[in-house]
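A.B. asks: So that you have it, the file is input.tsv, and it contains TSV, C-alpha atoms:
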```
chain	number	residue	atom	x	y	z
P	24	GLY	CA	4.71	101.46	106.08
P	25	THR	CA	7.23	99.51	104.00
P	26	GLN	CA	5.94	100.93	100.72
P	27	LEU	CA	6.07	104.46	102.13
P	28	VAL	CA	9.68	103.99	103.28
P	29	ARG	CA	10.59	102.62	99.84
P	30	ALA	CA	8.88	105.55	98.13
P	31	VAL	CA	10.73	108.04	100.34
P	32	ARG	CA	14.06	106.36	99.60
P	33	GLU	CA	13.37	106.37	95.87
P	34	SER	CA	12.37	110.02	96.02
P	35	ARG	CA	15.56	110.96	97.88
P	36	PHE	CA	17.61	108.99	95.37
P	37	ARG	CA	16.01	110.81	92.43
P	38	ILE	CA	16.56	114.18	94.06
P	39	SER	CA	20.21	113.38	94.76
P	40	TYR	CA	21.21	111.60	91.54
P	41	GLU	CA	18.69	112.40	88.80
P	42	ASP	CA	18.20	115.51	86.68
P	43	PRO	CA	14.55	116.50	87.30
P	44	LEU	CA	13.96	117.85	83.78
P	45	THR	CA	15.41	115.13	81.54
P	46	GLY	CA	15.42	112.16	83.93
P	47	LEU	CA	19.10	111.64	83.11
P	48	PRO	CA	21.81	110.99	85.69
P	49	ASN	CA	23.14	114.25	87.14
P	50	ARG	CA	26.77	115.15	87.86
P	51	ALA	CA	26.78	113.34	91.20
P	52	MET	CA	25.47	110.13	89.61
P	53	LEU	CA	27.91	110.40	86.71
P	54	ARG	CA	30.75	110.68	89.21
P	55	VAL	CA	29.55	107.48	90.90
P	56	ILE	CA	29.30	105.66	87.55
P	57	ILE	CA	32.78	106.73	86.46
P	58	GLN	CA	34.30	105.79	89.82
P	59	GLU	CA	32.72	102.34	89.63
P	60	LYS	CA	34.25	101.81	86.19
P	61	VAL	CA	37.63	103.10	87.37
P	62	GLU	CA	37.62	100.56	90.20
P	63	LEU	CA	36.16	97.72	88.11
P	64	PHE	CA	38.31	97.84	85.01
P	65	ARG	CA	42.05	97.48	84.69
P	66	SER	CA	43.96	100.41	83.24
P	67	ASP	CA	44.14	98.81	79.76
P	68	SER	CA	40.33	98.56	79.65
P	69	MET	CA	40.02	102.17	80.79
P	70	ASP	CA	42.04	103.19	77.75
P	71	ASP	CA	39.00	102.30	75.61
P	72	MET	CA	36.86	104.82	77.49
P	73	ALA	CA	36.30	108.51	76.77
P	74	LEU	CA	34.35	111.25	78.52
P	75	VAL	CA	32.86	114.01	76.36
P	76	LEU	CA	31.28	117.12	77.89
P	77	ILE	CA	28.87	118.94	75.54
P	78	HIS	CA	28.10	122.58	76.26
P	79	LEU	CA	25.16	124.28	74.52
P	80	ARG	CA	26.71	127.67	73.85
P	81	ASN	CA	23.59	129.62	72.86
P	82	LEU	CA	21.05	128.20	75.33
P	83	ASN	CA	21.10	131.40	77.41
P	84	LYS	CA	20.12	133.43	74.34
P	85	ILE	CA	17.21	131.07	73.73
P	86	ASN	CA	16.05	131.50	77.34
P	87	GLU	CA	16.32	135.28	77.07
P	88	THR	CA	14.50	135.42	73.73
P	89	PHE	CA	11.78	132.80	74.09
P	90	GLY	CA	11.61	132.16	77.85
P	91	HIS	CA	12.78	129.35	80.10
P	92	SER	CA	9.92	127.03	79.11
P	93	ALA	CA	11.21	127.10	75.54
P	94	GLY	CA	14.73	126.51	76.85
P	95	ASP	CA	13.53	123.47	78.79
P	96	ASP	CA	11.89	122.14	75.63
P	97	VAL	CA	15.19	122.55	73.78
P	98	LEU	CA	17.02	120.64	76.52
P	99	LEU	CA	14.52	117.78	76.29
P	100	ARG	CA	14.95	117.59	72.52
P	101	VAL	CA	18.73	117.63	72.82
P	102	ALA	CA	18.55	114.84	75.40
P	103	ASP	CA	16.42	112.78	73.01
P	104	ARG	CA	18.85	113.38	70.15
P	105	LEU	CA	21.79	112.32	72.27
P	106	ARG	CA	19.97	109.17	73.48
P	107	ASP	CA	19.30	108.21	69.87
P	108	SER	CA	22.94	108.84	68.89
P	109	ILE	CA	24.77	106.69	71.45
P	110	LYS	CA	24.86	103.01	72.33
P	111	PRO	CA	22.62	101.72	75.17
P	112	SER	CA	25.70	100.56	77.09
P	113	TRP	CA	27.12	104.08	77.23
P	114	THR	CA	26.19	106.69	79.83
P	115	LEU	CA	24.41	109.96	79.06
P	116	ALA	CA	24.09	112.57	81.81
P	117	ARG	CA	23.17	116.21	82.30
P	118	VAL	CA	25.91	117.66	84.48
P	119	SER	CA	24.78	121.31	84.60
P	120	GLY	CA	22.12	123.62	83.21
P	121	ASP	CA	23.56	123.77	79.70
P	122	THR	CA	26.01	120.86	79.65
P	123	PHE	CA	25.57	117.16	78.91
P	124	ALA	CA	28.09	114.34	79.21
P	125	VAL	CA	28.65	111.12	77.28
P	126	LEU	CA	30.79	108.33	78.71
P	127	SER	CA	31.65	105.94	75.87
P	128	MET	CA	33.42	102.59	75.80
P	129	GLU	CA	34.35	102.01	72.20
P	130	GLY	CA	38.07	102.53	71.53
P	131	PRO	CA	40.50	103.19	70.11
P	132	VAL	CA	40.77	106.67	71.52
P	133	PRO	CA	41.21	109.55	70.81
P	134	GLU	CA	40.21	108.73	67.22
P	135	HIS	CA	36.87	107.36	68.32
P	136	ALA	CA	36.24	110.26	70.72
P	137	VAL	CA	36.85	112.80	67.96
P	138	ARG	CA	34.52	111.01	65.54
P	139	LEU	CA	31.87	110.71	68.25
P	140	THR	CA	32.13	114.38	69.18
P	141	ARG	CA	31.80	115.54	65.58
P	142	SER	CA	28.82	113.24	65.07
P	143	LEU	CA	27.06	114.48	68.23
P	144	GLY	CA	27.79	118.11	67.36
P	145	LYS	CA	26.30	117.64	63.92
P	146	ARG	CA	23.20	115.95	65.34
P	147	ILE	CA	22.60	118.67	67.92
P	148	ALA	CA	23.09	121.39	65.30
P	149	GLU	CA	20.11	120.19	63.27
P	150	PRO	CA	17.45	122.96	63.33
P	151	ILE	CA	14.88	123.03	66.13
P	152	GLU	CA	11.52	124.74	65.72
P	153	ILE	CA	10.69	127.14	68.57
P	154	MET	CA	7.57	129.30	68.42
P	155	GLY	CA	7.64	129.32	64.65
P	156	GLU	CA	11.36	130.11	64.49
P	157	SER	CA	14.05	127.72	63.26
P	158	ILE	CA	16.92	127.66	65.76
P	159	GLN	CA	20.32	126.03	65.27
P	160	LEU	CA	22.23	125.09	68.41
P	161	GLN	CA	25.98	125.42	68.63
P	162	VAL	CA	28.19	123.41	70.96
P	163	HIS	CA	31.63	123.29	72.52
P	164	CYS	CA	33.00	119.96	73.76
P	165	GLY	CA	35.70	118.91	76.20
P	166	ILE	CA	37.23	115.44	75.86
P	167	VAL	CA	39.21	113.27	78.27
P	168	CYS	CA	40.84	110.20	76.74
P	169	PRO	CA	42.42	107.78	77.26
P	170	MET	CA	41.38	107.31	80.88
P	171	GLY	CA	43.75	104.53	81.94
P	172	ARG	CA	46.01	106.88	83.90
P	173	TYR	CA	43.20	107.99	86.22
P	174	SER	CA	42.15	106.63	89.60
P	175	SER	CA	39.57	109.30	90.55
P	176	ALA	CA	36.28	110.17	88.85
P	177	GLU	CA	36.41	113.70	90.25
P	178	ILE	CA	39.76	114.34	88.56
P	179	ILE	CA	38.41	112.95	85.27
P	180	LEU	CA	35.49	115.38	85.48
P	181	ARG	CA	37.80	118.23	86.42
P	182	ASP	CA	40.02	117.60	83.41
P	183	ALA	CA	37.03	117.32	81.07
P	184	GLU	CA	35.78	120.68	82.35
P	185	ASN	CA	39.24	122.21	81.77
P	186	ALA	CA	39.23	120.86	78.21
P	187	LEU	CA	35.75	122.30	77.68
P	188	GLN	CA	36.93	125.69	78.94
P	189	HIS	CA	39.78	125.63	76.41
P	190	ALA	CA	37.32	124.83	73.61
P	191	ARG	CA	35.11	127.74	74.68
P	192	GLU	CA	38.01	130.18	74.91
P	193	ARG	CA	39.25	129.19	71.44
P	194	ASN	CA	35.75	128.94	69.95
P	195	GLU	CA	36.45	125.35	68.86
P	196	LEU	CA	34.05	122.43	68.46
P	197	PHE	CA	36.16	120.29	70.79
P	198	HIS	CA	39.37	120.20	72.74
P	199	ILE	CA	41.18	117.14	74.14
P	200	TYR	CA	42.60	117.52	77.63
P	201	GLN	CA	46.37	117.63	78.00
P	202	ALA	CA	48.16	117.08	81.29
P	203	GLU	CA	49.98	120.42	81.08
P	204	TYR	CA	46.67	122.26	81.54
P	205	HIS	CA	46.48	121.27	85.19
P	206	ARG	CA	50.08	122.30	85.82
P	207	LYS	CA	49.44	125.72	84.26
P	208	ALA	CA	46.20	126.14	86.23
P	209	VAL	CA	48.03	125.37	89.49
P	210	GLU	CA	50.81	127.83	88.60
P	211	ARG	CA	48.25	130.54	87.78
P	212	LEU	CA	46.41	129.94	91.07
P	213	ARG	CA	49.66	130.14	93.05
P	214	LEU	CA	50.57	133.38	91.30
P	215	GLU	CA	47.15	134.93	91.99
P	216	THR	CA	47.30	133.84	95.64
P	217	GLY	CA	50.81	135.24	96.01
P	218	LEU	CA	49.78	138.58	94.53
P	219	ARG	CA	46.78	138.85	96.86
P	220	GLU	CA	48.93	138.10	99.91
P	221	SER	CA	51.56	140.59	98.79
P	222	LEU	CA	48.92	143.32	98.41
P	223	LYS	CA	47.50	142.61	101.88
P	224	GLU	CA	50.98	142.75	103.45
P	225	HIS	CA	51.92	145.92	101.49
P	226	ARG	CA	54.90	144.29	99.84
P	227	PHE	CA	54.35	146.38	96.70
P	228	ILE	CA	55.63	149.93	96.55
P	229	ALA	CA	54.04	152.14	93.92
P	230	LYS	CA	56.59	154.31	92.11
P	231	TYR	CA	55.63	156.84	89.47
P	232	GLN	CA	57.78	157.86	86.53
P	233	PRO	CA	56.63	161.17	85.07
P	234	ILE	CA	56.15	161.30	81.34
P	235	TYR	CA	56.91	164.59	79.58
P	236	SER	CA	55.74	165.73	76.19
P	237	LEU	CA	58.39	167.63	74.28
P	238	LYS	CA	55.94	168.84	71.65
```
Show the structure stored in the file as structure tokens.

C.D. replies:
Amino acid sequence: GTQLVRAVRESRFRISYEDPLTGLPNRAMLRVIIQEKVELFRSDSMDDMALVLIHLRNLNKINETFGHSAGDDVLLRVADRLRDSIKPSWTLARVSGDTFAVLSMEGPVPEHAVRLTRSLGKRIAEPIEIMGESIQLQVHCGIVCPMGRYSSAEIILRDAENALQHARERNELFHIYQAEYHRKAVERLRLETGLRESLKEHRFIAKYQPIYSLK
């Protein structure tokens, strides 16, 4: 009875907090880990920490070309490369289908975070053999550092995802989050919401100006 209960609890824990493919912490577990560090360390210690999100930009093409089994094999190899590239005291997680995360505690940041990101990008880009074909992965990365100003793991993850989105839009290897991004995102959301409400309430009046050709 006791062993069965323990096994059930362990199974539920793995389902809730562990990526089933790689065995790495998932996004929920990473959030717990970050929150624990936020609450444990003083703000000056948090300034030595950096969160790097690593998006595999061409994984979907690999899945479409070679199948999802090949894509899973690529993810496992990337996970192994990342494990070999970071310190045991750091945290490696898989936060979505094509995105990994590294939580480092090295300092000083952002210099360290930039060096780390370039090193990880170079390691991941080393060719991988798939069904007789040599494939080179490409990545985009979003960085949050320093982290001393934060009190919430969810906000840290949100800002890292915003930085990653900027890197993807600009086709850059990495982008470091800046506080103005959140302000602009909020302003854009308010504008979109206001436009939708105005359309529903018929506040817009369509007026047409005819255009004549004098030719």

A.B. asks: Pick from P:Glu177, P:Glu195, P:Asp96, P:Glu134: nearest to P:Glu152, with only C-alpha atoms counted?

C.D. replies: P:Asp96

A.B. asks: My list of candidates is P:Thr122, P:Gln58, P:Gln201, P:Ser174. Which is closest to P:Val162 when distances are computed with only C-alpha atoms?

C.D. replies: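 Nearest candidate to P:Val162 out of P:Thr122, P:Gln58, P:Gln201, P:Ser174: P:Thr122.
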
A.B. asks: With only C-alpha atoms as the basis for distance, which of P:Gly144, P:Gly165, P:Gly171, P:Gly94 is at the shortest distance from P:Leu76?

C.D. replies: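 Closest residue, counting only C-alpha atoms: P:Gly165.
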
A.B. asks: Which residue, P:Ile109, P:Glu59, P:Ala116, P:Gln161, has the smallest gap to P:Asn194 when you use only C-alpha atoms?

C.D. replies: P:Gln161

A.B. asks: Can you pull out every residue within 9 Å of P:Ile153, counting all atoms listed in the file, but drop anything in the same chain fewer than 4 positions away, and send it as a list in words?

C.D. replies: Phe89, Ala93, Asp96, Val97, Ser157 and Ile158 of chain P

A.B. asks: What is the atom CA of P:Asp107-atom CA of P:Ser175 distance in Å, reported with one decimal?

C.D. replies: 29.0 Å

A.B. asks: Determine the nearest neighbour of P:Arg117 from the options P:Cys168, P:Leu82, P:Leu237, P:Met52, counting all atoms listed in the file.

C.D. replies: P:Met52

A.B. asks: Compare P:Thr140, P:Asn86, P:Leu105, P:Val118 by their minimum atom-to-atom distance to P:Leu53, counting all atoms listed in the file, and give me the closest one.

C.D. replies: P:Val118
